[in-house]
Amino acid sequence: MIDPRLLRDDLDHVISALSRRGMGEGEVRDLAALEERRRGLVGTVDDARAAQKEASSSIGRAAPEDRPAMIERASELKAEVTAAEDELRTAEAAWHDAAERIPNLPHPDAPDGHEGDGVVLRTVGERPTFDFEPRDHVELLGPALDMEAGAKVSGARFTYLKGDAVRLQLGLVQYALSVAQRHGHLPVLPPVLVRREAMFGTGFLPTDEQQIFRTDERDDLYLTGTSEVALAGLHLDEILEEVPLRYVGYSPCFRREAGTYGKDTHGMFRVHQFDKVELYSFVGSDDAATEHQRLLGIEEEVFGGLGLHYQVVDIPIGDLGPSAARKFDIEAWMPAQEAYREVTSTSDTTDYQARRLNTRVRGEHGTDLVNTLNGTALALPRAIIALVETHQQADGSVAIPTALQPFVGAEVMFGPASGG
């Protein structure tokens, strides 16, 4: 959630900032009115409770003949307190229902616009060229990617990986974890089923509910689409003694990917279940911008070590998730698509998630909300797609980048040159 104090102290700034996210002035003013009413009722309830307490305590000191009237007045005040509390609960519910749907204020430097309006900050590496007809990842992986069995067992956009594809995926995970650990991130294997509080706290509820898999009413748990959710939930309702705290999580992820058709559903580019290595940081507010660049640097180290051609894009405000104030994507070159496609993102969520998660840090003058940031160190299977298509050889095999070879135990995989 955004800081409600901004609605009281700097409403014009909030109106201006959220207009960049497509929100009208009237909607923001309505939210401010709900907050004003809620705060006003807090004062009304406090005053009513104080009056009731005073009336009740004075009964014992009153003359016997005055007590019946005072008892009656105390009863009236008790009813007034109950009515005021009911009114406050209604006002708080209305405030929270509206506020939880309000996105984070965008960073002043984030570009305006929607898809296609991002700013390319830099391009890294050489775009691969081939003196043969390049294959796509489905051809290159061959029987190691079994989509028919995945569809038979689980439905469309589920796959089986077999043989060398499994070795490659697990090697990539170990490689990404090793890079993150060198930068001080503690490895975590988090749960993938979480309660509503964790999904809400990270901003995926209520706005993204249509993309989330959920269990039935017996358990009422959500399958996470990123381990960001569970990593953020590590410190739900906690006061931290110090920051920064940095984690790197590895987990399966699940997304409905509703409304996605066409080339994005070819092969394993966009599937319902995939694995991801995720970076997550808790920092002080003064360090958030530096930490954002730091996470981006880790992502670039991972993909640079894989010898991939990519570009870094400052994502436009219209494509930001609700919790993000600013986001940078790495878009790797996909030879078969002849296009740059997103393979990682890193977002600065300021104190938006921390306010929903109630995660604070102890300081000299009390406690303050932390700032949280997340970043994808490696998303499978897109990293596999970019890697095998970029490093394919004429015979259909794939040359393994030097940095990855210790983690897969091979210089060449797939195709006849691999011995498979």
# chains A, B, ... in the order shown; residues from 1 in each chain; ligands from 1
>>> residues_around(residues="range 340-354 of chain A", least_positions_apart="6", cutoff="8 Å", atoms="only C-alpha atoms", output="PyMOL selection string")
chain A and resi 1-3+104+201-203+285+288-289+292+295-296+299+310-311+323-334+360+369-379+382-383
>>> select_by_dssp(residues="range 235-379 of chain A", states="strand (DSSP E or B)", output="compact mmCIF listing (two decimals) with N, CA and C atoms, in the first residue's frame")
# COMPACT_ATOMS: atom_id res chain seq x y z
N ILE A 239 10.00 -7.25 13.26
CA ILE A 239 10.88 -6.09 13.39
C ILE A 239 12.31 -6.60 13.28
N LEU A 240 13.00 -6.23 12.23
CA LEU A 240 14.36 -6.68 11.99
C LEU A 240 15.33 -5.85 12.83
N LEU A 245 19.30 -7.50 4.51
CA LEU A 245 19.19 -8.95 4.50
C LEU A 245 18.96 -9.36 3.05
N ARG A 246 19.75 -10.33 2.59
CA ARG A 246 19.70 -10.70 1.17
C ARG A 246 19.55 -12.22 1.04
N TYR A 247 18.63 -12.63 0.18
CA TYR A 247 18.35 -14.04 -0.03
C TYR A 247 18.36 -14.37 -1.51
N VAL A 248 18.57 -15.65 -1.81
CA VAL A 248 18.36 -16.15 -3.17
C VAL A 248 17.58 -17.46 -3.03
N GLY A 249 16.40 -17.50 -3.61
CA GLY A 249 15.53 -18.66 -3.49
C GLY A 249 15.44 -19.42 -4.79
N TYR A 250 15.28 -20.73 -4.67
CA TYR A 250 15.06 -21.57 -5.84
C TYR A 250 13.79 -22.37 -5.61
N SER A 251 12.88 -22.34 -6.58
CA SER A 251 11.63 -23.07 -6.41
C SER A 251 10.93 -23.26 -7.74
N PRO A 252 10.02 -24.25 -7.80
CA PRO A 252 9.08 -24.29 -8.91
C PRO A 252 8.13 -23.10 -8.80
N CYS A 253 7.61 -22.66 -9.94
CA CYS A 253 6.67 -21.53 -9.98
C CYS A 253 5.49 -21.93 -10.87
N PHE A 254 4.34 -21.33 -10.60
CA PHE A 254 3.11 -21.71 -11.30
C PHE A 254 2.34 -20.46 -11.70
N GLN A 273 4.13 -24.28 -15.48
CA GLN A 273 5.04 -24.64 -14.39
C GLN A 273 6.47 -24.47 -14.88
N PHE A 274 7.28 -23.78 -14.09
CA PHE A 274 8.67 -23.55 -14.45
C PHE A 274 9.47 -23.34 -13.17
N ASP A 275 10.78 -23.38 -13.29
CA ASP A 275 11.65 -23.17 -12.13
C ASP A 275 12.34 -21.81 -12.25
N LYS A 276 12.69 -21.24 -11.10
CA LYS A 276 13.28 -19.91 -11.11
C LYS A 276 14.22 -19.76 -9.91
N VAL A 277 15.32 -19.04 -10.13
CA VAL A 277 16.22 -18.62 -9.06
C VAL A 277 15.99 -17.13 -8.86
N GLU A 278 15.54 -16.77 -7.65
CA GLU A 278 15.07 -15.42 -7.38
C GLU A 278 15.90 -14.73 -6.30
N LEU A 279 16.28 -13.49 -6.56
CA LEU A 279 16.99 -12.66 -5.60
C LEU A 279 16.00 -11.79 -4.84
N TYR A 280 16.24 -11.61 -3.54
CA TYR A 280 15.34 -10.76 -2.75
C TYR A 280 16.15 -10.05 -1.68
N SER A 281 15.89 -8.74 -1.50
CA SER A 281 16.64 -7.93 -0.55
C SER A 281 15.72 -7.09 0.31
N PHE A 282 16.07 -7.00 1.61
CA PHE A 282 15.47 -6.06 2.55
C PHE A 282 16.54 -5.02 2.88
N VAL A 283 16.26 -3.75 2.60
CA VAL A 283 17.26 -2.70 2.82
C VAL A 283 16.59 -1.48 3.44
N TYR A 310 22.22 -9.61 -25.10
CA TYR A 310 21.01 -9.13 -24.44
C TYR A 310 21.00 -7.62 -24.41
N GLN A 311 19.83 -7.09 -24.07
CA GLN A 311 19.69 -5.66 -23.82
C GLN A 311 19.02 -5.44 -22.48
N VAL A 312 19.37 -4.31 -21.84
CA VAL A 312 18.78 -3.93 -20.55
C VAL A 312 17.77 -2.83 -20.84
N VAL A 313 16.54 -3.01 -20.34
CA VAL A 313 15.45 -2.10 -20.66
C VAL A 313 14.85 -1.53 -19.38
N ASP A 314 14.70 -0.21 -19.33
CA ASP A 314 13.97 0.48 -18.27
C ASP A 314 12.49 0.40 -18.65
N ARG A 326 9.79 0.92 -10.00
CA ARG A 326 10.64 0.93 -11.18
C ARG A 326 11.11 -0.49 -11.44
N LYS A 327 11.29 -0.83 -12.72
CA LYS A 327 11.70 -2.19 -13.07
C LYS A 327 12.65 -2.15 -14.26
N PHE A 328 13.71 -2.95 -14.17
CA PHE A 328 14.62 -3.16 -15.29
C PHE A 328 14.49 -4.60 -15.75
N ASP A 329 14.39 -4.79 -17.04
CA ASP A 329 14.37 -6.14 -17.62
C ASP A 329 15.65 -6.40 -18.38
N ILE A 330 16.09 -7.65 -18.37
CA ILE A 330 17.07 -8.13 -19.33
C ILE A 330 16.31 -8.90 -20.39
N GLU A 331 16.49 -8.51 -21.63
CA GLU A 331 15.86 -9.18 -22.75
C GLU A 331 16.95 -9.85 -23.58
N ALA A 332 16.95 -11.16 -23.60
CA ALA A 332 17.95 -11.92 -24.34
C ALA A 332 17.51 -12.09 -25.78
N TRP A 333 18.49 -12.16 -26.67
CA TRP A 333 18.21 -12.40 -28.08
C TRP A 333 17.85 -13.87 -28.28
N MET A 334 16.67 -14.11 -28.86
CA MET A 334 16.21 -15.46 -29.17
C MET A 334 16.35 -15.67 -30.68
N ALA A 339 14.21 -12.02 -32.13
CA ALA A 339 13.67 -10.95 -31.29
C ALA A 339 14.30 -11.02 -29.91
N TYR A 340 14.32 -9.87 -29.23
CA TYR A 340 14.69 -9.84 -27.82
C TYR A 340 13.45 -10.20 -26.99
N ARG A 341 13.63 -11.10 -26.04
CA ARG A 341 12.52 -11.49 -25.16
C ARG A 341 12.99 -11.44 -23.71
N GLU A 342 12.05 -11.06 -22.84
CA GLU A 342 12.37 -10.92 -21.42
C GLU A 342 12.83 -12.25 -20.82
N VAL A 343 13.95 -12.21 -20.12
CA VAL A 343 14.42 -13.39 -19.40
C VAL A 343 14.59 -13.11 -17.90
N THR A 344 14.76 -11.84 -17.52
CA THR A 344 14.81 -11.49 -16.10
C THR A 344 14.17 -10.13 -15.90
N SER A 345 13.82 -9.85 -14.67
CA SER A 345 13.40 -8.50 -14.28
C SER A 345 13.87 -8.26 -12.86
N THR A 346 14.06 -7.00 -12.52
CA THR A 346 14.36 -6.63 -11.14
C THR A 346 13.57 -5.38 -10.80
N SER A 347 12.88 -5.42 -9.66
CA SER A 347 11.95 -4.34 -9.30
C SER A 347 12.28 -3.75 -7.94
N ASP A 348 12.19 -2.44 -7.86
CA ASP A 348 12.26 -1.71 -6.60
C ASP A 348 10.81 -1.46 -6.17
N ARG A 360 9.41 -4.25 9.52
CA ARG A 360 10.10 -3.04 9.94
C ARG A 360 11.52 -3.34 10.38
N VAL A 361 12.31 -2.30 10.53
CA VAL A 361 13.66 -2.43 11.05
C VAL A 361 13.81 -1.48 12.23
N ARG A 362 14.51 -1.93 13.25
CA ARG A 362 14.71 -1.12 14.44
C ARG A 362 15.81 -0.10 14.20
N GLY A 363 15.54 1.15 14.57
CA GLY A 363 16.53 2.21 14.41
C GLY A 363 16.73 2.97 15.70
N GLY A 366 13.22 4.46 17.00
CA GLY A 366 12.04 3.63 16.85
C GLY A 366 12.18 2.67 15.69
N THR A 367 11.07 2.36 15.06
CA THR A 367 11.10 1.42 13.93
C THR A 367 10.63 2.12 12.65
N ASP A 368 11.18 1.66 11.54
CA ASP A 368 10.80 2.18 10.23
C ASP A 368 10.52 1.02 9.30
N LEU A 369 9.66 1.27 8.32
CA LEU A 369 9.43 0.27 7.28
C LEU A 369 10.72 0.06 6.49
N ASN A 371 12.65 -1.24 2.91
CA ASN A 371 12.37 -1.26 1.48
C ASN A 371 12.71 -2.65 0.97
N THR A 372 11.94 -3.15 0.02
CA THR A 372 12.18 -4.48 -0.53
C THR A 372 12.40 -4.40 -2.02
N LEU A 373 13.27 -5.29 -2.51
CA LEU A 373 13.56 -5.37 -3.94
C LEU A 373 13.68 -6.84 -4.33
N ASN A 374 13.31 -7.14 -5.56
CA ASN A 374 13.41 -8.51 -6.05
C ASN A 374 14.04 -8.52 -7.43
N GLY A 375 14.60 -9.65 -7.80
CA GLY A 375 15.21 -9.77 -9.11
C GLY A 375 15.35 -11.23 -9.50
N THR A 376 15.16 -11.52 -10.78
CA THR A 376 15.28 -12.87 -11.29
C THR A 376 16.74 -13.14 -11.63
N ALA A 377 17.38 -14.03 -10.89
CA ALA A 377 18.74 -14.42 -11.26
C ALA A 377 18.72 -15.30 -12.50
N LEU A 378 17.72 -16.18 -12.56
CA LEU A 378 17.62 -17.09 -13.70
C LEU A 378 16.22 -17.68 -13.74
N ALA A 379 15.57 -17.59 -14.88
CA ALA A 379 14.25 -18.19 -15.06
C ALA A 379 14.36 -19.31 -16.09
>>> closest_residue(among="A:Glu389, A:Glu241, A:Asp97, A:Asp208", to="Leu34 in chain A", atoms="only C-alpha atoms")
A:Asp97
>>> closest_residue(among="A:Lys53, A:Pro187, A:Ala110, A:Gly305", to="Thr402 in chain A", atoms="only C-alpha atoms")
A:Gly305
>>> select_by_dssp(residues="range 220-380 of chain A", states="alpha helix (DSSP H)", output="PyMOL selection string")
chain A and resi 228-233+288-305+352-357
>>> residues_around(residues="range 76-86 of chain A", least_positions_apart="6", cutoff="10 Å", atoms="only C-alpha atoms", output="NGL selection string")
:A and (41-53 or 55-56 or 70 or 92)
>>> atom_distance(atom1="CA of Ile298 in chain A", atom2="CA of His185 in chain A")
10.6 Å
>>> residues_around(residues="Arg39 in chain A", least_positions_apart="6", cutoff="12 Å", atoms="only C-alpha atoms", output="MDAnalysis selection string")
chainID A and resid 4:5 7:8 32:33 45:46 87:89 91:92 95
>>> write_last_selection(atoms="N, CA, C and O atoms", output="PDB file, in the first residue's frame")
ATOM      1  N   PRO A   4      -0.425   6.317   3.684  1.00  0.00           N
ATOM      2  CA  PRO A   4      -1.621   7.165   3.801  1.00  0.00           C
ATOM      3  C   PRO A   4      -1.298   8.600   4.193  1.00  0.00           C
ATOM      4  O   PRO A   4      -2.079   9.510   3.930  1.00  0.00           O
ATOM      5  N   ARG A   5      -0.126   8.813   4.793  1.00  0.00           N
ATOM      6  CA  ARG A   5       0.253  10.185   5.158  1.00  0.00           C
ATOM      7  C   ARG A   5       0.426  11.061   3.921  1.00  0.00           C
ATOM      8  O   ARG A   5       0.201  12.281   3.978  1.00  0.00           O
ATOM      9  N   LEU A   7      -1.434  11.028   1.352  1.00  0.00           N
ATOM     10  CA  LEU A   7      -2.768  11.508   0.958  1.00  0.00           C
ATOM     11  C   LEU A   7      -3.164  12.732   1.769  1.00  0.00           C
ATOM     12  O   LEU A   7      -3.911  13.592   1.290  1.00  0.00           O
ATOM     13  N   ARG A   8      -2.672  12.800   2.987  1.00  0.00           N
ATOM     14  CA  ARG A   8      -3.010  13.936   3.844  1.00  0.00           C
ATOM     15  C   ARG A   8      -2.070  15.120   3.627  1.00  0.00           C
ATOM     16  O   ARG A   8      -2.511  16.269   3.627  1.00  0.00           O
ATOM     17  N   ALA A  32      -8.521   9.576  -0.745  1.00  0.00           N
ATOM     18  CA  ALA A  32      -8.139  10.516   0.306  1.00  0.00           C
ATOM     19  C   ALA A  32      -9.326  10.817   1.227  1.00  0.00           C
ATOM     20  O   ALA A  32      -9.159  10.961   2.450  1.00  0.00           O
ATOM     21  N   ALA A  33     -10.517  10.897   0.662  1.00  0.00           N
ATOM     22  CA  ALA A  33     -11.713  11.157   1.474  1.00  0.00           C
ATOM     23  C   ALA A  33     -12.007   9.982   2.405  1.00  0.00           C
ATOM     24  O   ALA A  33     -12.400  10.185   3.566  1.00  0.00           O
ATOM     25  N   VAL A  45     -14.060   7.744  18.093  1.00  0.00           N
ATOM     26  CA  VAL A  45     -14.072   6.566  18.972  1.00  0.00           C
ATOM     27  C   VAL A  45     -13.234   6.823  20.219  1.00  0.00           C
ATOM     28  O   VAL A  45     -13.648   6.492  21.349  1.00  0.00           O
ATOM     29  N   ASP A  46     -12.070   7.412  20.052  1.00  0.00           N
ATOM     30  CA  ASP A  46     -11.211   7.698  21.209  1.00  0.00           C
ATOM     31  C   ASP A  46     -11.911   8.644  22.185  1.00  0.00           C
ATOM     32  O   ASP A  46     -11.869   8.440  23.409  1.00  0.00           O
ATOM     33  N   GLU A  87     -19.121   2.024  13.143  1.00  0.00           N
ATOM     34  CA  GLU A  87     -18.927   2.953  12.037  1.00  0.00           C
ATOM     35  C   GLU A  87     -17.460   2.987  11.609  1.00  0.00           C
ATOM     36  O   GLU A  87     -17.140   3.028  10.416  1.00  0.00           O
ATOM     37  N   LEU A  88     -16.553   2.933  12.591  1.00  0.00           N
ATOM     38  CA  LEU A  88     -15.126   2.923  12.284  1.00  0.00           C
ATOM     39  C   LEU A  88     -14.743   1.652  11.539  1.00  0.00           C
ATOM     40  O   LEU A  88     -13.973   1.699  10.562  1.00  0.00           O
ATOM     41  N   ARG A  89     -15.260   0.506  11.961  1.00  0.00           N
ATOM     42  CA  ARG A  89     -14.957  -0.746  11.267  1.00  0.00           C
ATOM     43  C   ARG A  89     -15.406  -0.695   9.819  1.00  0.00           C
ATOM     44  O   ARG A  89     -14.703  -1.155   8.912  1.00  0.00           O
ATOM     45  N   ALA A  91     -15.777   2.022   8.009  1.00  0.00           N
ATOM     46  CA  ALA A  91     -14.914   2.976   7.304  1.00  0.00           C
ATOM     47  C   ALA A  91     -13.537   2.375   7.027  1.00  0.00           C
ATOM     48  O   ALA A  91     -12.962   2.591   5.945  1.00  0.00           O
ATOM     49  N   GLU A  92     -12.999   1.629   7.986  1.00  0.00           N
ATOM     50  CA  GLU A  92     -11.687   1.001   7.777  1.00  0.00           C
ATOM     51  C   GLU A  92     -11.760  -0.050   6.686  1.00  0.00           C
ATOM     52  O   GLU A  92     -10.831  -0.185   5.873  1.00  0.00           O
ATOM     53  N   TRP A  95     -11.820   1.776   3.410  1.00  0.00           N
ATOM     54  CA  TRP A  95     -10.485   2.313   3.127  1.00  0.00           C
ATOM     55  C   TRP A  95      -9.547   1.222   2.629  1.00  0.00           C
ATOM     56  O   TRP A  95      -8.889   1.366   1.605  1.00  0.00           O
TER      57      TRP A  95
END
>>> residues_around(residues="Asp164 in chain A", least_positions_apart="4", cutoff="8 Å", atoms="only C-alpha atoms", output="list of chain:residue names")
A:Ala144, A:Leu168, A:Met413, A:Phe414
>>> write_last_selection(atoms="N, CA, C and O atoms", output="compact mmCIF listing (two decimals), in the first residue's frame")
# COMPACT_ATOMS: atom_id res chain seq x y z
N ALA A 144 14.57 -34.80 -25.44
CA ALA A 144 14.77 -34.35 -24.06
C ALA A 144 13.66 -33.40 -23.61
O ALA A 144 13.52 -33.14 -22.42
N LEU A 168 21.16 -29.96 -17.80
CA LEU A 168 21.38 -28.57 -18.14
C LEU A 168 20.62 -27.66 -17.18
O LEU A 168 21.17 -26.66 -16.69
N MET A 413 26.44 -30.59 -25.42
CA MET A 413 25.25 -31.36 -25.06
C MET A 413 24.30 -31.43 -26.23
O MET A 413 24.33 -30.56 -27.12
N PHE A 414 23.47 -32.45 -26.23
CA PHE A 414 22.46 -32.68 -27.27
C PHE A 414 23.15 -32.98 -28.61
O PHE A 414 24.33 -32.69 -28.81
>>> closest_residue(among="A:Arg127, A:Ile317, A:Phe132, A:Ser57", to="Glu338 in chain A", atoms="only C-alpha atoms")
A:Arg127
>>> residues_around(residues="Gly150 in chain A", least_positions_apart="4", cutoff="6 Å", atoms="only C-alpha atoms", output="mmCIF file with N, CA, C and O atoms, in the first residue's frame")
data_model
loop_
_atom_site.group_PDB
_atom_site.id
_atom_site.type_symbol
_atom_site.label_atom_id
_atom_site.label_comp_id
_atom_site.auth_asym_id
_atom_site.auth_seq_id
_atom_site.Cartn_x
_atom_site.Cartn_y
_atom_site.Cartn_z
ATOM 1 N N SER A 154 -0.891 -33.598 -17.736
ATOM 2 C CA SER A 154 -1.283 -32.387 -17.013
ATOM 3 C C SER A 154 -2.076 -31.388 -17.828
ATOM 4 O O SER A 154 -2.679 -30.475 -17.269
ATOM 5 N N PHE A 158 2.322 -27.877 -20.216
ATOM 6 C CA PHE A 158 3.139 -28.586 -19.245
ATOM 7 C C PHE A 158 4.093 -29.483 -20.028
ATOM 8 O O PHE A 158 3.740 -29.974 -21.102
ATOM 9 N N THR A 159 5.300 -29.679 -19.516
ATOM 10 C CA THR A 159 6.294 -30.460 -20.238
ATOM 11 C C THR A 159 7.018 -31.425 -19.314
ATOM 12 O O THR A 159 7.005 -31.264 -18.087
ATOM 13 N N TYR A 160 7.642 -32.420 -19.931
ATOM 14 C CA TYR A 160 8.642 -33.248 -19.266
ATOM 15 C C TYR A 160 10.008 -32.857 -19.816
ATOM 16 O O TYR A 160 10.173 -32.703 -21.031
#
>>> residues_around(residues="Leu6 in chain A", least_positions_apart="2", cutoff="12 Å", atoms="only C-alpha atoms", output="NGL selection string")
:A and (1-4 or 8-15 or 17 or 28-29 or 31-32 or 35-36 or 105)
